[in-house]
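A.B. asks: Attaching a single structure in structure tokens format; questions to follow.
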Amino acid sequence: MQFVINIKDINALSDIEITAIYTRLSWPDSGSDSSIQKELDKRYLKKIGEPHPSMALALLWQDGVLVGWVGTRPWPEKFKGRAVTAQTIECFVDPEFRRRGLAKLGLLALIAADKLDRDAIVSVYEPGVVRLAQQCGCKVVIYCQP
């Protein structure tokens, strides 16, 4: 079994990566501004020409198949009543590969590559990701309910 983590910017994905994330490795577009499907739409499907912000992705490959991703990007949030720029932690792992620590490995890879600062504020959008962030040493974690 071969396991590989590649760190890439969302603006530099291959067709295989885009297709896998869009069709198998994301929740259907909920209309949220932070939806990964909406981000892929703007960059690759609709090809909206505006400059697109970076988002670091740890792409999780097992035996040549993309099985998950963990991403981070700056995002405006409210913290203790004031506007801040937090780092998001967003992730999705194929249901068949969950509960194996892959999201944790992806987040640790982003931290090791200096794409996420554990000492800065991070925001998460799923309750289970709060624990993931804390396990990886993130000190201030904001849970933002959708």
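Every chain in the structure tokens has a letter given in the order shown (A, B, ...), and although residue numbers restart at 1 in each chain, ligands are simply numbered from 1 in the order shown.
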For Val140 (chain A), list every protein, DNA or RNA residue within 12 Å, evaluated using only C-alpha atoms, and leave out those in the same chain fewer than 5 positions away; present the list as a ChimeraX atom specification.
C.D. replies: /A:79-80,86-88,117-124,130-131,133-134
A.B. asks: Atoms to include: N, CA, C and O atoms. Write the selected residues as a PDB file, in the first residue's frame.
C.D. replies:
ATOM      1  N   PHE A  79     -14.475  37.218  16.312  1.00  0.00           N
ATOM      2  CA  PHE A  79     -13.907  36.555  17.483  1.00  0.00           C
ATOM      3  C   PHE A  79     -13.935  37.547  18.631  1.00  0.00           C
ATOM      4  O   PHE A  79     -13.355  38.640  18.535  1.00  0.00           O
ATOM      5  N   LYS A  80     -14.650  37.184  19.685  1.00  0.00           N
ATOM      6  CA  LYS A  80     -14.810  38.044  20.853  1.00  0.00           C
ATOM      7  C   LYS A  80     -15.305  39.432  20.448  1.00  0.00           C
ATOM      8  O   LYS A  80     -14.801  40.455  20.919  1.00  0.00           O
ATOM      9  N   ALA A  86      -9.148  34.682  10.222  1.00  0.00           N
ATOM     10  CA  ALA A  86      -8.777  33.372  10.762  1.00  0.00           C
ATOM     11  C   ALA A  86      -8.271  32.495   9.620  1.00  0.00           C
ATOM     12  O   ALA A  86      -8.463  32.814   8.448  1.00  0.00           O
ATOM     13  N   GLN A  87      -7.635  31.406   9.993  1.00  0.00           N
ATOM     14  CA  GLN A  87      -7.263  30.383   9.025  1.00  0.00           C
ATOM     15  C   GLN A  87      -8.346  29.314   9.105  1.00  0.00           C
ATOM     16  O   GLN A  87      -8.678  28.873  10.195  1.00  0.00           O
ATOM     17  N   THR A  88      -8.887  28.916   7.979  1.00  0.00           N
ATOM     18  CA  THR A  88      -9.881  27.850   8.025  1.00  0.00           C
ATOM     19  C   THR A  88      -9.195  26.490   8.081  1.00  0.00           C
ATOM     20  O   THR A  88      -8.039  26.358   7.690  1.00  0.00           O
ATOM     21  N   ASP A 117      -0.658  28.121  10.781  1.00  0.00           N
ATOM     22  CA  ASP A 117       0.035  28.484  12.019  1.00  0.00           C
ATOM     23  C   ASP A 117      -0.828  28.074  13.209  1.00  0.00           C
ATOM     24  O   ASP A 117      -1.910  28.628  13.414  1.00  0.00           O
ATOM     25  N   ARG A 118      -0.363  27.108  13.992  1.00  0.00           N
ATOM     26  CA  ARG A 118      -1.129  26.619  15.142  1.00  0.00           C
ATOM     27  C   ARG A 118      -1.367  27.690  16.204  1.00  0.00           C
ATOM     28  O   ARG A 118      -2.290  27.572  16.997  1.00  0.00           O
ATOM     29  N   ASP A 119      -0.521  28.718  16.206  1.00  0.00           N
ATOM     30  CA  ASP A 119      -0.676  29.767  17.224  1.00  0.00           C
ATOM     31  C   ASP A 119      -1.677  30.849  16.814  1.00  0.00           C
ATOM     32  O   ASP A 119      -2.080  31.660  17.640  1.00  0.00           O
ATOM     33  N   ALA A 120      -2.074  30.874  15.556  1.00  0.00           N
ATOM     34  CA  ALA A 120      -3.046  31.860  15.084  1.00  0.00           C
ATOM     35  C   ALA A 120      -4.458  31.277  15.230  1.00  0.00           C
ATOM     36  O   ALA A 120      -4.642  30.086  15.454  1.00  0.00           O
ATOM     37  N   ILE A 121      -5.449  32.131  15.089  1.00  0.00           N
ATOM     38  CA  ILE A 121      -6.846  31.708  15.181  1.00  0.00           C
ATOM     39  C   ILE A 121      -7.200  30.841  13.983  1.00  0.00           C
ATOM     40  O   ILE A 121      -6.880  31.183  12.851  1.00  0.00           O
ATOM     41  N   VAL A 122      -7.862  29.705  14.255  1.00  0.00           N
ATOM     42  CA  VAL A 122      -8.380  28.873  13.176  1.00  0.00           C
ATOM     43  C   VAL A 122      -9.896  28.785  13.316  1.00  0.00           C
ATOM     44  O   VAL A 122     -10.433  28.821  14.419  1.00  0.00           O
ATOM     45  N   SER A 123     -10.566  28.701  12.178  1.00  0.00           N
ATOM     46  CA  SER A 123     -12.016  28.537  12.200  1.00  0.00           C
ATOM     47  C   SER A 123     -12.373  27.229  11.511  1.00  0.00           C
ATOM     48  O   SER A 123     -11.743  26.837  10.531  1.00  0.00           O
ATOM     49  N   VAL A 124     -13.385  26.554  12.079  1.00  0.00           N
ATOM     50  CA  VAL A 124     -13.850  25.285  11.529  1.00  0.00           C
ATOM     51  C   VAL A 124     -15.365  25.342  11.405  1.00  0.00           C
ATOM     52  O   VAL A 124     -16.031  26.124  12.089  1.00  0.00           O
ATOM     53  N   VAL A 130     -13.269  20.501  15.235  1.00  0.00           N
ATOM     54  CA  VAL A 130     -12.746  21.182  16.422  1.00  0.00           C
ATOM     55  C   VAL A 130     -11.740  20.269  17.118  1.00  0.00           C
ATOM     56  O   VAL A 130     -10.611  20.670  17.416  1.00  0.00           O
ATOM     57  N   ARG A 131     -12.127  19.036  17.337  1.00  0.00           N
ATOM     58  CA  ARG A 131     -11.236  18.075  18.005  1.00  0.00           C
ATOM     59  C   ARG A 131      -9.984  17.809  17.183  1.00  0.00           C
ATOM     60  O   ARG A 131      -8.876  17.725  17.713  1.00  0.00           O
ATOM     61  N   ALA A 133      -8.500  19.858  15.101  1.00  0.00           N
ATOM     62  CA  ALA A 133      -7.625  21.021  15.241  1.00  0.00           C
ATOM     63  C   ALA A 133      -6.906  21.008  16.590  1.00  0.00           C
ATOM     64  O   ALA A 133      -5.703  21.260  16.665  1.00  0.00           O
ATOM     65  N   GLN A 134      -7.635  20.692  17.644  1.00  0.00           N
ATOM     66  CA  GLN A 134      -7.029  20.651  18.975  1.00  0.00           C
ATOM     67  C   GLN A 134      -5.992  19.540  19.079  1.00  0.00           C
ATOM     68  O   GLN A 134      -4.921  19.730  19.654  1.00  0.00           O
TER      69      GLN A 134
END
A.B. asks: I want to know what sits within 7 Å of Leu116 (chain A), based on only C-alpha atoms, with residues of the same chain fewer than 5 positions away left out; could you give that as a list in words?
C.D. replies: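 Contacts, in chain order: Thr72, Leu110 and Ile111 of chain A.
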A.B. asks: Excluding region 5-22 of chain A and its own-chain neighbours fewer than 4 positions away, which residues fall within 7 Å of it when counting only C-alpha atoms? Please give them as a PyMOL selection string.
C.D. replies: chain A and resi 26+37+54-61+66
A.B. asks: Keeping only N, CA and C atoms, write those residues as a PDB file, in the first residue's frame.
C.D. replies:
ATOM      1  N   SER A  26     -16.560  15.955  -1.674  1.00  0.00           N
ATOM      2  CA  SER A  26     -17.145  17.206  -1.164  1.00  0.00           C
ATOM      3  C   SER A  26     -18.623  16.990  -0.930  1.00  0.00           C
ATOM      4  N   GLN A  37     -16.972  23.205  -3.665  1.00  0.00           N
ATOM      5  CA  GLN A  37     -17.540  23.099  -5.009  1.00  0.00           C
ATOM      6  C   GLN A  37     -17.692  24.480  -5.644  1.00  0.00           C
ATOM      7  N   SER A  54      -5.564  32.178  -2.807  1.00  0.00           N
ATOM      8  CA  SER A  54      -4.925  30.887  -2.569  1.00  0.00           C
ATOM      9  C   SER A  54      -5.667  30.110  -1.492  1.00  0.00           C
ATOM     10  N   MET A  55      -5.569  28.814  -1.585  1.00  0.00           N
ATOM     11  CA  MET A  55      -6.022  27.904  -0.538  1.00  0.00           C
ATOM     12  C   MET A  55      -5.075  26.721  -0.602  1.00  0.00           C
ATOM     13  N   ALA A  56      -4.342  26.505   0.463  1.00  0.00           N
ATOM     14  CA  ALA A  56      -3.416  25.370   0.502  1.00  0.00           C
ATOM     15  C   ALA A  56      -4.198  24.091   0.754  1.00  0.00           C
ATOM     16  N   LEU A  57      -3.925  23.080  -0.061  1.00  0.00           N
ATOM     17  CA  LEU A  57      -4.585  21.784   0.081  1.00  0.00           C
ATOM     18  C   LEU A  57      -3.544  20.687   0.275  1.00  0.00           C
ATOM     19  N   ALA A  58      -3.769  19.856   1.272  1.00  0.00           N
ATOM     20  CA  ALA A  58      -3.007  18.621   1.419  1.00  0.00           C
ATOM     21  C   ALA A  58      -3.864  17.552   0.761  1.00  0.00           C
ATOM     22  N   LEU A  59      -3.399  17.017  -0.353  1.00  0.00           N
ATOM     23  CA  LEU A  59      -4.131  15.998  -1.103  1.00  0.00           C
ATOM     24  C   LEU A  59      -3.657  14.627  -0.664  1.00  0.00           C
ATOM     25  N   LEU A  60      -4.582  13.789  -0.236  1.00  0.00           N
ATOM     26  CA  LEU A  60      -4.272  12.498   0.362  1.00  0.00           C
ATOM     27  C   LEU A  60      -4.518  11.390  -0.667  1.00  0.00           C
ATOM     28  N   TRP A  61      -3.452  10.740  -1.095  1.00  0.00           N
ATOM     29  CA  TRP A  61      -3.514   9.700  -2.122  1.00  0.00           C
ATOM     30  C   TRP A  61      -3.192   8.345  -1.511  1.00  0.00           C
ATOM     31  N   LEU A  66      -7.022   9.516  -5.198  1.00  0.00           N
ATOM     32  CA  LEU A  66      -7.223  10.629  -4.269  1.00  0.00           C
ATOM     33  C   LEU A  66      -8.369  10.263  -3.329  1.00  0.00           C
TER      34      LEU A  66
END
A.B. asks: Rounded to one decimal, what separation in Å do you get between CA of Ala113 (chain A) and CA of Pro74 (chain A)?
C.D. replies: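 About the pair CA of Ala113 (chain A) and CA of Pro74 (chain A): they are 15.9 Å apart.
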A.B. asks: Just give me the gap between CA of Phe97 (chain A) and CA of Gly137 (chain A) in Å, one decimal is fine.
C.D. replies: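 Answer for the CA of Phe97 (chain A) to CA of Gly137 (chain A) separation: 23.3 Å.
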A.B. asks: Give me every strand (DSSP E) residue in chain A, going by DSSP on the backbone, as a PyMOL selection string.
C.D. replies: chain A and resi 3-9+56-62+65-72+74-79+82-93+121-124+140-143
A.B. asks: Expressed in Å to a single decimal, how great is the separation between CA of Trp27 (chain A) and CA of Phe92 (chain A)?
C.D. replies: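 Computing it gives 8.3 Å between the two atoms.
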A.B. asks: Would you pick out the contacts of Ile48 (chain A) at 12 Å or less, using only C-alpha atoms, so that residues sharing its chain but fewer than 5 positions from it are not included, and give the list as a ChimeraX atom specification?
C.D. replies: /A:38-43
A.B. asks: Using DSSP on the backbone, list every residue of region 10-145 of chain A that comes out as alpha helix (DSSP H), and give them as a ChimeraX atom specification.
C.D. replies: /A:15-23,36-40,102-112,127-135
A.B. asks: So which one's closest to Val65 (chain A), A:Glu50, A:Arg98, A:Leu108, A:Met1? Using only C-alpha atoms, please.
C.D. replies: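 Looking only at the distances to Val65 (chain A), the closest residue turns out to be A:Met1.
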A.B. asks: Can you list, as a ChimeraX atom specification, every protein, DNA or RNA residue that comes within 7 Å of Ala103 (chain A) when you count only C-alpha atoms, leaving out same-chain residues fewer than 6 positions away?
C.D. replies: /A:70,91,93
